[in-house]
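Have a look at the structure below before the remarks.
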Amino acid sequence: DQSPVTIADQQVETALRDVIQTAFPDDAIQGEEFGSATINAACRFCWVIDPIDGTKAFISGKPVFGTLVGLTDQGVPLAGMIDMPVLDETYIGHLIGHNPADQQRQSACRMNAAMVRPSPCQALATARLATTSPLALSAAGLTGFNHLAAQAALTNYGGDCHNYALLAAGYIDLVMEDSLAPHDMIAVVSVMQAAGAVVTDTAGQPIRLGQSSSILAAATADLHAAALTVLAEVAAD
């Protein structure tokens with residue numbers, strides 16, 4: 001994808017692959033730097049690795065870069081980790097045993113062992129909106145994002161995967177990105193959903209491994225519905 005690659009990217013992914021393959025030899029692994037590897041093509045679980053999310057920040061000396069490890073069950077996000085090494089923040093979320101129809105939530109998301117939750121924000125007018133860069137959005141995605149930004153309380157640029165962690169922890173209310181690869185998505189989707197956020201693609205469809213390339217994440221169902229309505233109106237014009 002023409003994004004920069006460092007020795008650190010390659011070494012981190014190699015180390016993670018070695019650990020996962022040792023612990024779960026029958027699972028598939030898909031990473032940014034070395035593609036897919038599996039013992040059993042029909043295996044149920046797939047680990048998805050982004051060794052350094054935010055490599056541009058990393059090589060520029062900025063502290064907001066992270067390591068992403070996600071796990072899918074038949075393509076559905078199941079668990080994820082967002083590790084921000086310079087910030088000393090590790091977010092881990094899982095949806096194991098979670099049924100969205102149940103009133104009893106069995107999912108959980110923690111940052112350094114402390115439970116985190118999204119904000120109660122319900123309206124675009126009071127929402128803190130974020131995306132990594134307008135240059136990273138498609139033409140249609142940028143148009144939609146600009147319409148969201150025009151209605152939001154404030155807009156943040158930069159942050160890469162940390163934006164999703166901050167949404168899970170209640171500091172950012174709405175994140176939109178597109179033109180994403182699976183390694184950009186799976187871990188962060190699991191973390192946010194485990195915290196209680198509403199996460200789909202920008203068309204409102206569930207995120208699935210190999211099928212999705214955009215994210216619309218919101219702190220609450222009402223905020224997500226409002227943002228989705230704006231994007232649909234823009235797409236219809």
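Starting from 1 in every chain, residues are counted up; chains themselves are A, B, ... following the order of the structure tokens, and ligands are numbered from 1 as listed.
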
Closest-contact table, stretch 135-232 of chain A side, partner stretch 62-79 of chain A, 10 Å, counting only C-alpha atoms, as CSV:
residue,atom,partner,partner_atom,distance
A:Gly158,CA,A:Val64,CA,8.6
A:Gly159,CA,A:Val64,CA,6.0
A:Asp160,CA,A:Phe65,CA,6.9
A:Cys161,CA,A:Gly66,CA,6.7
A:His162,CA,A:Val64,CA,6.8
A:Asn163,CA,A:Val64,CA,9.6
A:Pro182,CA,A:Gly70,CA,9.6
A:His183,CA,A:Leu68,CA,7.6
A:Asp184,CA,A:Leu68,CA,7.8
A:Met185,CA,A:Gly70,CA,8.3
A:Ile186,CA,A:Gly70,CA,5.2
A:Ala187,CA,A:Gly70,CA,3.8
A:Val188,CA,A:Leu68,CA,7.5
A:Val189,CA,A:Pro77,CA,6.9
A:Ser190,CA,A:Ala79,CA,5.1
A:Val191,CA,A:Ala79,CA,6.9
A:Met192,CA,A:Ala79,CA,10.0
A:Gln193,CA,A:Pro77,CA,9.2
A:Ala194,CA,A:Ala79,CA,8.0
A:Pro206,CA,A:Val76,CA,8.7
A:Ile207,CA,A:Val76,CA,7.3
A:Arg208,CA,A:Val76,CA,5.4
A:Leu209,CA,A:Gly75,CA,4.7
A:Gly210,CA,A:Gly75,CA,7.7
A:Gln211,CA,A:Gly75,CA,8.8

Would you mind listing what lies within 7 Å of stretch 7-23 of chain A as an MDAnalysis selection string, with only C-alpha atoms counted and same-chain residues fewer than 4 positions away left out?
chainID A and resid 33 49 51:52

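Going from atom CA of A:Thr229 to atom CA of A:Thr155 covers 18.5 Å.
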
Among stretch 72-188 of chain A, which ones does DSSP assign to helix (DSSP H, G or I) (computed from the backbone)? Answer as a PyMOL selection string.
chain A and resi 124-126+134-136+139-151+162-168+182-188

Tell me which protein, DNA and RNA residues are within 10 Å of stretch 141-149 of chain A, counting only C-alpha atoms, leaving out same-chain ones fewer than 5 positions away, and put them as an mmCIF file with C-alpha atoms, in the first residue's frame.
data_model
loop_
_atom_site.group_PDB
_atom_site.id
_atom_site.type_symbol
_atom_site.label_atom_id
_atom_site.label_comp_id
_atom_site.auth_asym_id
_atom_site.auth_seq_id
_atom_site.Cartn_x
_atom_site.Cartn_y
_atom_site.Cartn_z
ATOM 1 C CA LEU A 124 -23.481 15.342 16.826
ATOM 2 C CA ALA A 125 -23.659 18.894 18.152
ATOM 3 C CA ALA A 127 -19.563 15.187 19.771
ATOM 4 C CA ARG A 128 -15.778 15.106 19.652
ATOM 5 C CA LEU A 129 -14.978 13.749 16.185
ATOM 6 C CA ALA A 130 -11.658 12.293 15.002
ATOM 7 C CA THR A 131 -9.891 10.840 11.979
ATOM 8 C CA SER A 133 -5.838 12.435 8.251
ATOM 9 C CA PRO A 134 -8.069 13.869 5.520
ATOM 10 C CA LEU A 135 -5.397 12.633 3.090
ATOM 11 C CA ALA A 136 -6.090 9.056 4.192
ATOM 12 C CA LEU A 154 -14.899 19.762 17.637
ATOM 13 C CA THR A 155 -12.743 17.827 15.197
ATOM 14 C CA ASN A 156 -9.392 16.139 15.815
ATOM 15 C CA LEU A 174 -16.979 9.567 17.092
ATOM 16 C CA VAL A 175 -14.331 8.214 14.701
ATOM 17 C CA MET A 176 -14.634 7.752 10.946
ATOM 18 C CA GLU A 177 -12.032 6.274 8.587
ATOM 19 C CA ASP A 178 -12.053 4.440 5.261
ATOM 20 C CA SER A 179 -9.584 2.855 2.809
ATOM 21 C CA THR A 202 -19.674 3.664 6.983
ATOM 22 C CA SER A 214 -14.176 1.475 6.621
ATOM 23 C CA ALA A 226 -27.125 10.421 13.625
ATOM 24 C CA ALA A 227 -23.704 10.094 11.957
ATOM 25 C CA LEU A 228 -24.933 7.298 9.693
ATOM 26 C CA VAL A 230 -25.475 12.292 7.617
ATOM 27 C CA LEU A 231 -23.255 9.936 5.614
ATOM 28 C CA ALA A 232 -26.263 8.409 3.853
ATOM 29 C CA GLU A 233 -27.587 11.850 2.919
ATOM 30 C CA VAL A 234 -24.212 12.853 1.497
ATOM 31 C CA ALA A 235 -23.968 9.630 -0.486
#

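Our summary of the geometry notes that atom CA of A:Cys109 is positioned 4.9 Å from atom CA of A:Ala195.
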
May I have all residues of stretch 19-228 of chain A that DSSP, computed from the backbone, assigns to strand (DSSP E), given as a PyMOL selection string?
chain A and resi 28-31+35-37+45-53+66-73+76-84+89-94+108-111+114-115+128-131+154-157+174-177+198-200+215-218

When you look at A:Asn112 with a cut-off of 7 Å (counting only C-alpha atoms), what residues show up, excluding the ones that are within fewer than 4 positions of it in the same chain? I need them as number ranges by chain.
A: 89-91

With N, CA, C and O atoms retained, could you export that selection as a PDB file, in the first residue's frame?
ATOM      1  N   GLU A  89       0.086   2.670  27.758  1.00  0.00           N
ATOM      2  CA  GLU A  89      -1.335   2.328  27.790  1.00  0.00           C
ATOM      3  C   GLU A  89      -1.553   1.047  26.983  1.00  0.00           C
ATOM      4  O   GLU A  89      -1.142   0.972  25.829  1.00  0.00           O
ATOM      5  N   THR A  90      -2.200   0.077  27.601  1.00  0.00           N
ATOM      6  CA  THR A  90      -2.563  -1.153  26.905  1.00  0.00           C
ATOM      7  C   THR A  90      -4.059  -1.387  27.087  1.00  0.00           C
ATOM      8  O   THR A  90      -4.539  -1.543  28.217  1.00  0.00           O
ATOM      9  N   TYR A  91      -4.785  -1.388  25.979  1.00  0.00           N
ATOM     10  CA  TYR A  91      -6.228  -1.605  25.975  1.00  0.00           C
ATOM     11  C   TYR A  91      -6.489  -3.020  25.471  1.00  0.00           C
ATOM     12  O   TYR A  91      -6.012  -3.400  24.396  1.00  0.00           O
TER      13      TYR A  91
END
